[in-house]
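Data first, discussion second: the structure below is written as structure tokens.
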2 protein chains.
Amino acid sequence: MKQKEFTSRLIHVVGEEGVILNPAEQEFYVNDWLGKAHGRTVAVVRPRNTAEVSAVMRLCHQSQTPVVPQGGNTGMSGGATPDMSGAQVVLSLNRMKRIHEVDPVNNTLTADAGVILAEIQQAARAVDRYFPLSLGAEGSCTIGGNLATNAGGTGVLRYGNTRDLTLGLEVVLPDGRIWNGLRGLRKDNTGYDLKDLFIGSEGSLGIITGVVLKLFAAPAGRVSAWVGAKELTSVVTLLNRLQAACGPRLSAFEMMSESSLALVTRHLDGHFSPLNQAYPYYALIELADTNLNGLQEMLQEALTSAIDDGLIDDCVVAMNEAQSVSMWRLREGISMAQVKAGKAVKHDIALPISSLATFVKEADQIVMNGFPDLPIINFGHIGDGNLHYNVLVPLDISPSLYKETTAELNKRIHDLVTQFNGSISAEHGVGTLRRDELKRYKSSVEMDLMNAIKRAIDPNQIMNPGKLL
Amino acid sequence: MKQKEFTSRLIHVVGEEGVILNPAEQEFYVNDWLGKAHGRTVAVVRPRNTAEVSAVMRLCHQSQTPVVPQGGNTGMSGGATPDMSGAQVVLSLNRMKRIHEVDPVNNTLTADAGVILAEIQQAARAVDRYFPLSLGAEGSCTIGGNLATNAGGTGVLRYGNTRDLTLGLEVVLPDGRIWNGLRGLRKDNTGYDLKDLFIGSEGSLGIITGVVLKLFAAPAGRVSAWVGAKELTSVVTLLNRLQAACGPRLSAFEMMSESSLALVTRHLDGHFSPLNQAYPYYALIELADTNLNGLQEMLQEALTSAIDDGLIDDCVVAMNEAQSVSMWRLREGISMAQVKAGKAVKHDIALPISSLATFVKEADQIVMNGFPDLPIINFGHIGDGNLHYNVLVPLDISPSLYKETTAELNKRIHDLVTQFNGSISAEHGVGTLRRDELKRYKSSVEMDLMNAIKRAIDPNQIMNPGKLL
């Protein structure tokens with residue numbers, strides 16, 4: 001099929017306003033927001049509903065045109081950007097924005113894949129329920145993108161990843177057929193778990209068009225605290241103590257190193273450490289509950305006894321929501337402070353929580369030996385074993401040296417992660433960023449299984465080629 | 001390969017004591033405990049470790065011998081029983097009983113597939129942690145069988161199904177290769193979710209040999225209550241109220257109809273209703289927490305206000321653990337009472353919780369119209385939308401009439417379940433029991449996807465043929 005015929009058939013399917021052919025208007029869709037991934041496209045197509053997605057995919061199937069699905073285009077790993085060939089179609093879900101049903105009795109919400117995450121959170125709040133997925137990009141990322149990448153964020157410790165928040169899916173397959181798995185059931189043992197196969201598959205098996213999400217009872221509020229400690233092992237022990245004392249009330253347990261906090265207070269106005277003194281490690285802790293009676297006292301008591309036992313060195317419990325917010329601003333400010341201070345070589349890794357402290361000791365040694373002048377910015381969701389273990393290089397580093405340093409650091413850190421039976425991509429996915437590394441770190445059996453599934457579901461390999469596998 | 005050569009090679013792999021050829025000793029392995037499924041086998045093979053499972057599977061792959069994996073042989077759907085051909089091997093995991101590691105810091109437990117569920121619960125308790133999977137067969141079912149069937153049980157409302165309790169798997173593939181996915185990570189976005197594909201696949205894709213399970217903070221105790229209500233809608237509304245008031249403390253919410261309770265008190269000695277009066281519906285409610293302060297008061301208050309509002313009619317809050325236990329005995333006694341009172345035509349179904357009451361009204365009407373003399377025994381884990389909607393037929397019914405009645409009731413009830421977008425097997429799986437029905441109720445797209453995955457991973461179709469698909 002010639003390109004002209006292809007685009008005119010696309011227009012026939014979704015209408016003029018559903019196809020973007022003008023390169024200037026395509027800009028947003030063919031580059032990622034980090035400015036790292038760049039591509040070209042035959043056309044950006046923006047269907048309005050599942051039937052239109054199905055018709056577009058039938059056309060791409062017939063013409064063997066590769067398709068790059070895209071949500072809010074806020075990914076971290078280049079998974080939603082077309083390649084430079086200009087032969088790939090970008091299929092954007094950003095006109096599929098309907099919330100179909102909010103069911104507070106079944107505690108479910110049914111939505112199109114293109115709904116913005118923040119709108120889903122808001123729709124849950126409107127019926128006095130809570131949707132716990134929360135991350136930096138929530139004002140612009142789509143729920144379909146969250147599903148395709150199995151997004152993590154700050155709520156994982158208590159509520160799990162996006163996978164754990166999903167009951168049902170609708171998917172358009174590579175040949176255009178529609179799988180309707182939009183079920184709002186807590187239990188269903190009738191065959192293979194297709195849902196979880198599509199979640200986290202980064203658009204390589206089909207296009208997620210709809211979802212049934214779990215809702216939860218809304219917490220009545222939260223209590224936060226900021227803790228300083230000399231050792232990372234002490235922070236991990238504190239995590240275990242709080243799990244024992246507070247059970248599911250523990251809704252966040254974030255860690256940052258002194259160099260991470262110093263970066264924030266140095267580079268961002270109006271950000272101050274909550275403690276009078278510096279410590280090598282800090283933890284930001286949050287309890288939340290449907291009933292706030294005694295919640296602050298519970299946290300205060302657990303932390304006081306940790307100080308008495310010499311486990312931690314100092315702490316502040318937020319006395320009100322404003323103090324909670326300012327503690328969280330320190331944690332959330334790290335990304336911005338990093339951008340101001342240098343270029344970050346990033347590692348989004350996960351480890352068994354019992355190995356975290358030993359891993360960090362060895363990783364620090366590797367960086368200090370190999371790159372003695374580079375600051376280590378180590379922080380993360382350690383309640384889930386997820387570290388953002390970054391190394392800062394100067395802003396004026398040459399592109400070639402940056403590339404070389406990144407490759408070398410990635411290799412050394414990810415080799416160590418693998419020794420500890422960890423993950424080289426805890427929450428950001430593989431995309432193009434970690435694709436070559438995946439082959440290095442996965443067993444051949446695991447790669448074979450993934451490739452066999454890919455061939456079974458997308459035999460013509462038109463779904464998001466060049467990503468993940 | 002001749003049968004004699006095959007069995008001698010089996011013996012070469014696992015030793016004399018690992019192969020059962022004597023039909024009398026095979027009895028346990030070729031029949032199910034319900035007395036419903038019966039089969040024959042070439043040999044029962046009982047490997048001691050993953051390497052032996054791998055060697056057995058290589059042999060079966062070479063000789064194209066079909067394999068039926070088996071754990072504790074406590075399934076409800078005939079999924080672990082060989083067919084009558086005598087050509088299938090039963091591969092029992094019941095000699096693979098090692099718990100390899102309990103890590104209270106990472107909150108994980110790593111075990112062989114053949115470990116009995118109760119032993120896993122016990123190993124967690126020994127380090128002051130909690131493994132929440134709990135079901136009637138826990139003293140004899142194996143964790144591998146729980147994984148293969150994605151077992152449910154009484155802890156699902158708070159902790160999820162077996163799937164949600166699993167972080168990593170080891171699987172021997174149909175050709176004997178070993179996939180080592182024994183990772184103890186809360187976050188890992190590096191490719192397709194293979195783990196969840198094997199969980200719930202009923203032995204049709206490979207043999208689960210090892211697992212990394214999640215552990216949780218141990219609850220300090222529980223509080224139970226028994227509630228009587230006129231309408232099922234009121235019971236569902238009470239569920240929503242308790243979710244809002246008690247959040248994750250709500251650890252069980254079981255329902256039973258008056259006819260279910262009457263069956264128990266009539267047929268089992270020493271079982272009495274906790275209330276002075278009969279009501280059409282009862283709920284058994286449990287709160288559990290790491291901290292018991294105020295827990296009983298919280299439940300008491302929520303139930304008192306539900307009575308004041310006219311939502312429920314009566315309730316008793318257990319004043320101690322002994323009273324809790326006797327409430328739970330009523331719930332657990334239903335299965336035994338059913339056996340004494342008649343033959344049960346069973347439906348293990350799930351529905352959106354918001355449809356439960358309407359569904360039951362319509363289902364009751366269907367049974368009363370078509371089978372006016374048969375009592376309906378309706379109970380279940382309604383916090384998860386899971387009903388065990390059973391119909392009792394007389395003990396002395398003729399086999400042919402029983403078969404006919406079962407088929408007719410199954411069809412009518414499952415048709416209705418499907419109208420409500422529910423599941424015809426909430427927790428018991430498909431096995432041979434629901435295999436034909438699966439084709440009736442699943443879309444052709446969903447069946448195609450499942451069959452494509454089956455062909456991709458088990459191209460010679462040697463894994464548990466005749467089950468599930």
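Chain labels run A, B, ... following the order of the structure tokens; each chain numbers its residues from 1, and ligands are numbered from 1 in the order shown.
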
Requested in this report: Considering only C-alpha atoms, return as a list in words whatever protein or nucleic-acid residues lie within 8 Å of region 372-374 of chain A, sequence-local ones (same chain, fewer than 3 positions apart) excluded.
Outcome: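 Near region 372-374 of chain A, the qualifying residues are Val367, Met368, Asn369, Val391, Leu392 and Val393 of chain A.
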
Requested in this report: Give me the residues within 10 Å of Gly181 (chain B) as a list of chain:residue names, counting only C-alpha atoms and dropping any in the same chain fewer than 2 places off.
Outcome: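 With the cut-off at 10 Å, the set is A:Asn421, A:Lys442, A:Ser443, A:Glu446, B:Leu167, B:Gly168, B:Leu169, B:Glu170, B:Val171, B:Ile178, B:Trp179, B:Arg183, B:Gly184, B:Leu194, B:Lys195, B:Gly210, B:Val211, B:Val212.
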
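With only C-alpha atoms taken into account, the protein and nucleic acid residues at most 12 Å from Phe371 (chain A) (excluding it and anything under 4 positions from it in its own chain) are Ala363, Asp364, Gln365, Ile366, Val367, Pro375, Ile376, Val391, Leu392, Val393, Thr405, Thr406, Glu408, Leu409 and Arg412 of chain A.
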
Query raised in the report: DSSP says helix (DSSP H, G or I) for which residues of region 165-293 of chain B? Put them as a ChimeraX atom specification?
Result: /B:165,194-198,232-249,258-267

Requested in this report: Provide the CA of Ala278 (chain B) to CA of Ser259 (chain B) distance in Å, to one decimal place.
Outcome: 9.9 Å

Report task. Point out the residue among B:Leu433, B:Ala337, B:Val360, B:Ala426 with the least atom-to-atom distance to Thr81 (chain B), counting only C-alpha atoms. Result -> B:Leu433

Query raised in the report: Residues at most 7 Å from Phe216 (chain A), counting only C-alpha atoms, excluding those fewer than 2 positions away in the same chain, as a list of chain:residue names?
Result: A:Asn107, A:Arg129, A:Tyr130, A:Phe131, A:Lys214, A:Ala218

**Report entry** DSSP-assigned strand (DSSP E) members of region 212-328 of chain A, reported as a PyMOL selection string
**Finding:** chain A and resi 212-214+216-217+221-229+250-257+281-289+314-317

Report task. Could you tell me how far CA of Ala118 (chain A) lies from CA of Arg163 (chain A), in Å and to one decimal? Result ->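 Straight-line distance from CA of Ala118 (chain A) to CA of Arg163 (chain A) works out to 17.7 Å.
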
**Report entry** Surrounding residues of Lys187 (chain B) excluding itself and chain neighbours under 6 positions, 12 Å, only C-alpha atoms, as a PyMOL selection string
**Finding:** (chain A and resi 149-153+156-157+160-164+200+348-353+381-387+422-429) or (chain B and resi 167-168+193)

Output file for the selection above: N, CA, C and O atoms, as a compact mmCIF listing (two decimals), in the first residue's frame:
```
# COMPACT_ATOMS: atom_id res chain seq x y z
N THR A 149 3.04 0.57 31.15
CA THR A 149 4.36 0.55 31.80
C THR A 149 4.28 0.05 33.24
O THR A 149 5.29 0.07 33.94
N ASN A 150 3.09 -0.37 33.69
CA ASN A 150 2.91 -0.81 35.07
C ASN A 150 3.54 0.20 36.04
O ASN A 150 4.43 -0.14 36.84
N ALA A 151 3.06 1.43 35.98
CA ALA A 151 3.67 2.52 36.73
C ALA A 151 3.68 2.26 38.23
O ALA A 151 2.81 1.57 38.77
N GLY A 152 4.69 2.80 38.90
CA GLY A 152 4.87 2.62 40.34
C GLY A 152 4.40 3.86 41.10
O GLY A 152 3.22 4.06 41.31
N GLY A 153 5.35 4.69 41.53
CA GLY A 153 5.00 5.92 42.23
C GLY A 153 5.07 5.77 43.73
O GLY A 153 5.70 4.84 44.25
N VAL A 156 2.99 2.59 46.26
CA VAL A 156 3.21 1.14 46.07
C VAL A 156 3.29 0.37 47.38
O VAL A 156 2.75 -0.73 47.50
N LEU A 157 3.95 0.96 48.37
CA LEU A 157 4.15 0.26 49.65
C LEU A 157 2.83 -0.25 50.21
O LEU A 157 2.73 -1.38 50.66
N GLY A 160 0.40 -1.27 46.13
CA GLY A 160 0.94 -2.01 44.99
C GLY A 160 1.12 -1.17 43.74
O GLY A 160 0.82 0.03 43.73
N ASN A 161 1.64 -1.79 42.69
CA ASN A 161 1.86 -1.14 41.40
C ASN A 161 0.53 -1.03 40.63
O ASN A 161 -0.49 -1.57 41.06
N THR A 162 0.58 -0.40 39.47
CA THR A 162 -0.64 -0.24 38.66
C THR A 162 -1.30 -1.60 38.41
O THR A 162 -2.53 -1.73 38.46
N ARG A 163 -0.47 -2.61 38.16
CA ARG A 163 -0.97 -3.98 37.99
C ARG A 163 -1.93 -4.39 39.11
O ARG A 163 -2.98 -4.99 38.86
N ASP A 164 -1.56 -4.07 40.34
CA ASP A 164 -2.35 -4.48 41.50
C ASP A 164 -3.62 -3.66 41.65
O ASP A 164 -4.48 -4.00 42.47
N GLY A 200 2.22 -3.71 31.50
CA GLY A 200 3.69 -3.72 31.55
C GLY A 200 4.34 -4.20 30.27
O GLY A 200 5.56 -4.32 30.22
N ASP A 348 17.29 3.23 37.97
CA ASP A 348 15.99 3.00 38.61
C ASP A 348 15.94 1.52 38.96
O ASP A 348 15.50 0.70 38.17
N ILE A 349 16.44 1.20 40.15
CA ILE A 349 16.70 -0.21 40.46
C ILE A 349 15.88 -0.69 41.66
O ILE A 349 15.43 0.11 42.47
N ALA A 350 15.68 -1.99 41.73
CA ALA A 350 15.03 -2.57 42.90
C ALA A 350 15.87 -3.71 43.42
O ALA A 350 16.52 -4.43 42.66
N LEU A 351 15.85 -3.87 44.73
CA LEU A 351 16.62 -4.91 45.40
C LEU A 351 15.78 -5.52 46.51
O LEU A 351 14.86 -4.88 47.01
N PRO A 352 16.13 -6.76 46.91
CA PRO A 352 15.51 -7.27 48.13
C PRO A 352 15.84 -6.27 49.26
O PRO A 352 16.98 -5.81 49.36
N ILE A 353 14.86 -5.93 50.08
CA ILE A 353 15.07 -4.89 51.09
C ILE A 353 16.18 -5.28 52.06
O ILE A 353 16.93 -4.43 52.54
N HIS A 381 12.07 4.90 46.95
CA HIS A 381 10.94 4.33 47.67
C HIS A 381 11.43 3.06 48.37
O HIS A 381 11.16 1.95 47.91
N ILE A 382 12.18 3.21 49.48
CA ILE A 382 12.84 1.99 49.96
C ILE A 382 11.88 1.04 50.67
O ILE A 382 12.20 -0.12 50.87
N GLY A 383 10.69 1.52 51.00
CA GLY A 383 9.67 0.59 51.47
C GLY A 383 9.36 -0.48 50.45
O GLY A 383 8.94 -1.59 50.78
N ASP A 384 9.59 -0.20 49.16
CA ASP A 384 9.43 -1.19 48.08
C ASP A 384 10.76 -1.73 47.58
O ASP A 384 10.80 -2.43 46.57
N GLY A 385 11.88 -1.34 48.20
CA GLY A 385 13.19 -1.77 47.71
C GLY A 385 13.64 -1.05 46.45
O GLY A 385 14.57 -1.49 45.78
N ASN A 386 12.99 0.07 46.14
CA ASN A 386 13.27 0.79 44.88
C ASN A 386 14.19 1.99 45.14
O ASN A 386 13.83 2.91 45.86
N LEU A 387 15.39 1.95 44.58
CA LEU A 387 16.33 3.07 44.70
C LEU A 387 16.42 3.82 43.37
O LEU A 387 16.47 3.22 42.31
N GLY A 422 18.54 -8.34 41.83
CA GLY A 422 17.66 -7.18 41.77
C GLY A 422 17.15 -6.92 40.37
O GLY A 422 17.32 -7.74 39.47
N SER A 423 16.50 -5.77 40.18
CA SER A 423 15.96 -5.39 38.88
C SER A 423 16.63 -4.13 38.36
O SER A 423 16.82 -3.17 39.12
N ILE A 424 16.96 -4.10 37.07
CA ILE A 424 17.58 -2.92 36.47
C ILE A 424 16.54 -1.89 36.03
O ILE A 424 16.90 -0.81 35.58
N SER A 425 15.26 -2.22 36.14
CA SER A 425 14.23 -1.21 35.91
C SER A 425 13.06 -1.50 36.82
O SER A 425 12.21 -2.33 36.53
N ALA A 426 13.04 -0.79 37.94
CA ALA A 426 12.02 -1.07 38.96
C ALA A 426 10.66 -0.54 38.53
O ALA A 426 9.67 -1.23 38.63
N GLU A 427 10.64 0.71 38.03
CA GLU A 427 9.33 1.28 37.69
C GLU A 427 9.31 2.02 36.36
O GLU A 427 8.24 2.35 35.88
N HIS A 428 10.44 2.28 35.74
CA HIS A 428 10.45 3.09 34.51
C HIS A 428 10.29 2.28 33.23
O HIS A 428 10.08 2.85 32.16
N GLY A 429 10.40 0.97 33.31
CA GLY A 429 10.25 0.14 32.12
C GLY A 429 11.53 0.07 31.31
O GLY A 429 12.57 0.62 31.69
N LEU B 167 5.79 -13.19 44.72
CA LEU B 167 6.75 -12.28 44.08
C LEU B 167 7.58 -12.97 43.00
O LEU B 167 7.96 -12.33 42.02
N GLY B 168 7.89 -14.23 43.17
CA GLY B 168 8.76 -14.91 42.20
C GLY B 168 8.41 -16.37 42.05
O GLY B 168 7.81 -16.97 42.94
N ASP B 193 5.09 -10.14 32.21
CA ASP B 193 4.82 -10.70 33.53
C ASP B 193 4.61 -12.21 33.40
O ASP B 193 3.48 -12.71 33.40
```

**Report entry** Long-range neighbours of Gly466 (chain B) as an MDAnalysis selection string, 9 Å cut-off, only C-alpha atoms, 6 positions minimum in chain
**Finding:** chainID B and resid 79 82:83 431:432 435

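Take the candidates B:Tyr192, B:Trp328, B:Tyr281, B:Tyr29 and check each one against chain A using only C-alpha atoms; the shortest distance goes to B:Tyr192.
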
**Report entry** region 295-310 of chain A surroundings by only C-alpha atoms, 12 Å radius, close-in-sequence under 4 positions cut, as a PyMOL selection string
**Finding:** (chain A and resi 219-231+234-235+237-247+249-250+283+285-291+314-321) or (chain B and resi 290-291+293)

Write out the residues from the selection above, keeping C-alpha atoms, as a PDB file, in the first residue's frame.
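part13.pdb, written as the output of this step:
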```
ATOM      1  CA  PRO A 219      -8.147   7.829  54.087  1.00  0.00           C
ATOM      2  CA  ALA A 220      -9.326  10.503  56.527  1.00  0.00           C
ATOM      3  CA  GLY A 221      -5.858  12.041  56.578  1.00  0.00           C
ATOM      4  CA  ARG A 222      -2.180  11.387  57.100  1.00  0.00           C
ATOM      5  CA  VAL A 223       0.652  11.965  59.524  1.00  0.00           C
ATOM      6  CA  SER A 224       4.228  12.458  58.324  1.00  0.00           C
ATOM      7  CA  ALA A 225       7.615  12.391  59.990  1.00  0.00           C
ATOM      8  CA  TRP A 226      11.203  13.144  59.031  1.00  0.00           C
ATOM      9  CA  VAL A 227      13.974  11.001  60.481  1.00  0.00           C
ATOM     10  CA  GLY A 228      17.777  11.309  60.515  1.00  0.00           C
ATOM     11  CA  ALA A 229      20.073   8.275  60.890  1.00  0.00           C
ATOM     12  CA  LYS A 230      23.744   7.425  60.606  1.00  0.00           C
ATOM     13  CA  GLU A 231      23.364   4.130  58.778  1.00  0.00           C
ATOM     14  CA  SER A 234      19.079   1.561  60.733  1.00  0.00           C
ATOM     15  CA  VAL A 235      16.620   3.049  58.265  1.00  0.00           C
ATOM     16  CA  THR A 237      15.290  -1.716  60.608  1.00  0.00           C
ATOM     17  CA  LEU A 238      13.026   1.250  61.294  1.00  0.00           C
ATOM     18  CA  LEU A 239      10.944   0.262  58.270  1.00  0.00           C
ATOM     19  CA  ASN A 240      10.458  -3.249  59.715  1.00  0.00           C
ATOM     20  CA  ARG A 241       9.578  -1.832  63.144  1.00  0.00           C
ATOM     21  CA  LEU A 242       6.961   0.487  61.667  1.00  0.00           C
ATOM     22  CA  GLN A 243       5.467  -2.350  59.609  1.00  0.00           C
ATOM     23  CA  ALA A 244       5.089  -4.368  62.815  1.00  0.00           C
ATOM     24  CA  ALA A 245       3.677  -1.471  64.841  1.00  0.00           C
ATOM     25  CA  CYS A 246       1.489   0.270  62.277  1.00  0.00           C
ATOM     26  CA  GLY A 247       0.564  -2.491  59.811  1.00  0.00           C
ATOM     27  CA  ARG A 249      -1.300   2.378  58.084  1.00  0.00           C
ATOM     28  CA  LEU A 250       2.259   2.743  56.796  1.00  0.00           C
ATOM     29  CA  ALA A 283      13.590   8.829  55.919  1.00  0.00           C
ATOM     30  CA  ILE A 285       7.489   8.400  56.688  1.00  0.00           C
ATOM     31  CA  GLU A 286       3.746   8.620  56.237  1.00  0.00           C
ATOM     32  CA  LEU A 287       0.884   6.924  58.038  1.00  0.00           C
ATOM     33  CA  ALA A 288      -2.644   7.203  56.652  1.00  0.00           C
ATOM     34  CA  ASP A 289      -5.907   5.752  57.927  1.00  0.00           C
ATOM     35  CA  THR A 290      -9.649   5.930  57.591  1.00  0.00           C
ATOM     36  CA  ASN A 291      -9.682   6.855  61.289  1.00  0.00           C
ATOM     37  CA  ASP A 314      16.627  12.517  65.433  1.00  0.00           C
ATOM     38  CA  CYS A 315      13.109  12.996  64.137  1.00  0.00           C
ATOM     39  CA  VAL A 316      10.326  15.519  63.629  1.00  0.00           C
ATOM     40  CA  VAL A 317       6.678  14.538  63.414  1.00  0.00           C
ATOM     41  CA  ALA A 318       4.623  16.971  61.317  1.00  0.00           C
ATOM     42  CA  MET A 319       2.073  18.721  63.505  1.00  0.00           C
ATOM     43  CA  ASN A 320      -0.238  19.597  60.643  1.00  0.00           C
ATOM     44  CA  GLU A 321      -0.826  19.093  56.930  1.00  0.00           C
TER      45      GLU A 321
ATOM     46  CA  THR B 290      -1.348  -4.978  64.444  1.00  0.00           C
ATOM     47  CA  ASN B 291      -2.711  -2.835  67.284  1.00  0.00           C
ATOM     48  CA  ASN B 293      -6.550  -0.618  70.930  1.00  0.00           C
TER      49      ASN B 293
END
```

**Report entry** Gap from CA of Gly176 (chain A) to CA of Leu21 (chain A) - Å, one decimal
**Finding:**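 Between CA of Gly176 (chain A) and CA of Leu21 (chain A) the gap is 22.5 Å.
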
Requested in this report: Point out the residue among B:Ala148, B:Met255, B:Leu330, B:Ala322 with the least atom-to-atom distance to chain A, counting only C-alpha atoms.
Outcome: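 Using only C-alpha atoms, chain A sits closest to B:Ala148.
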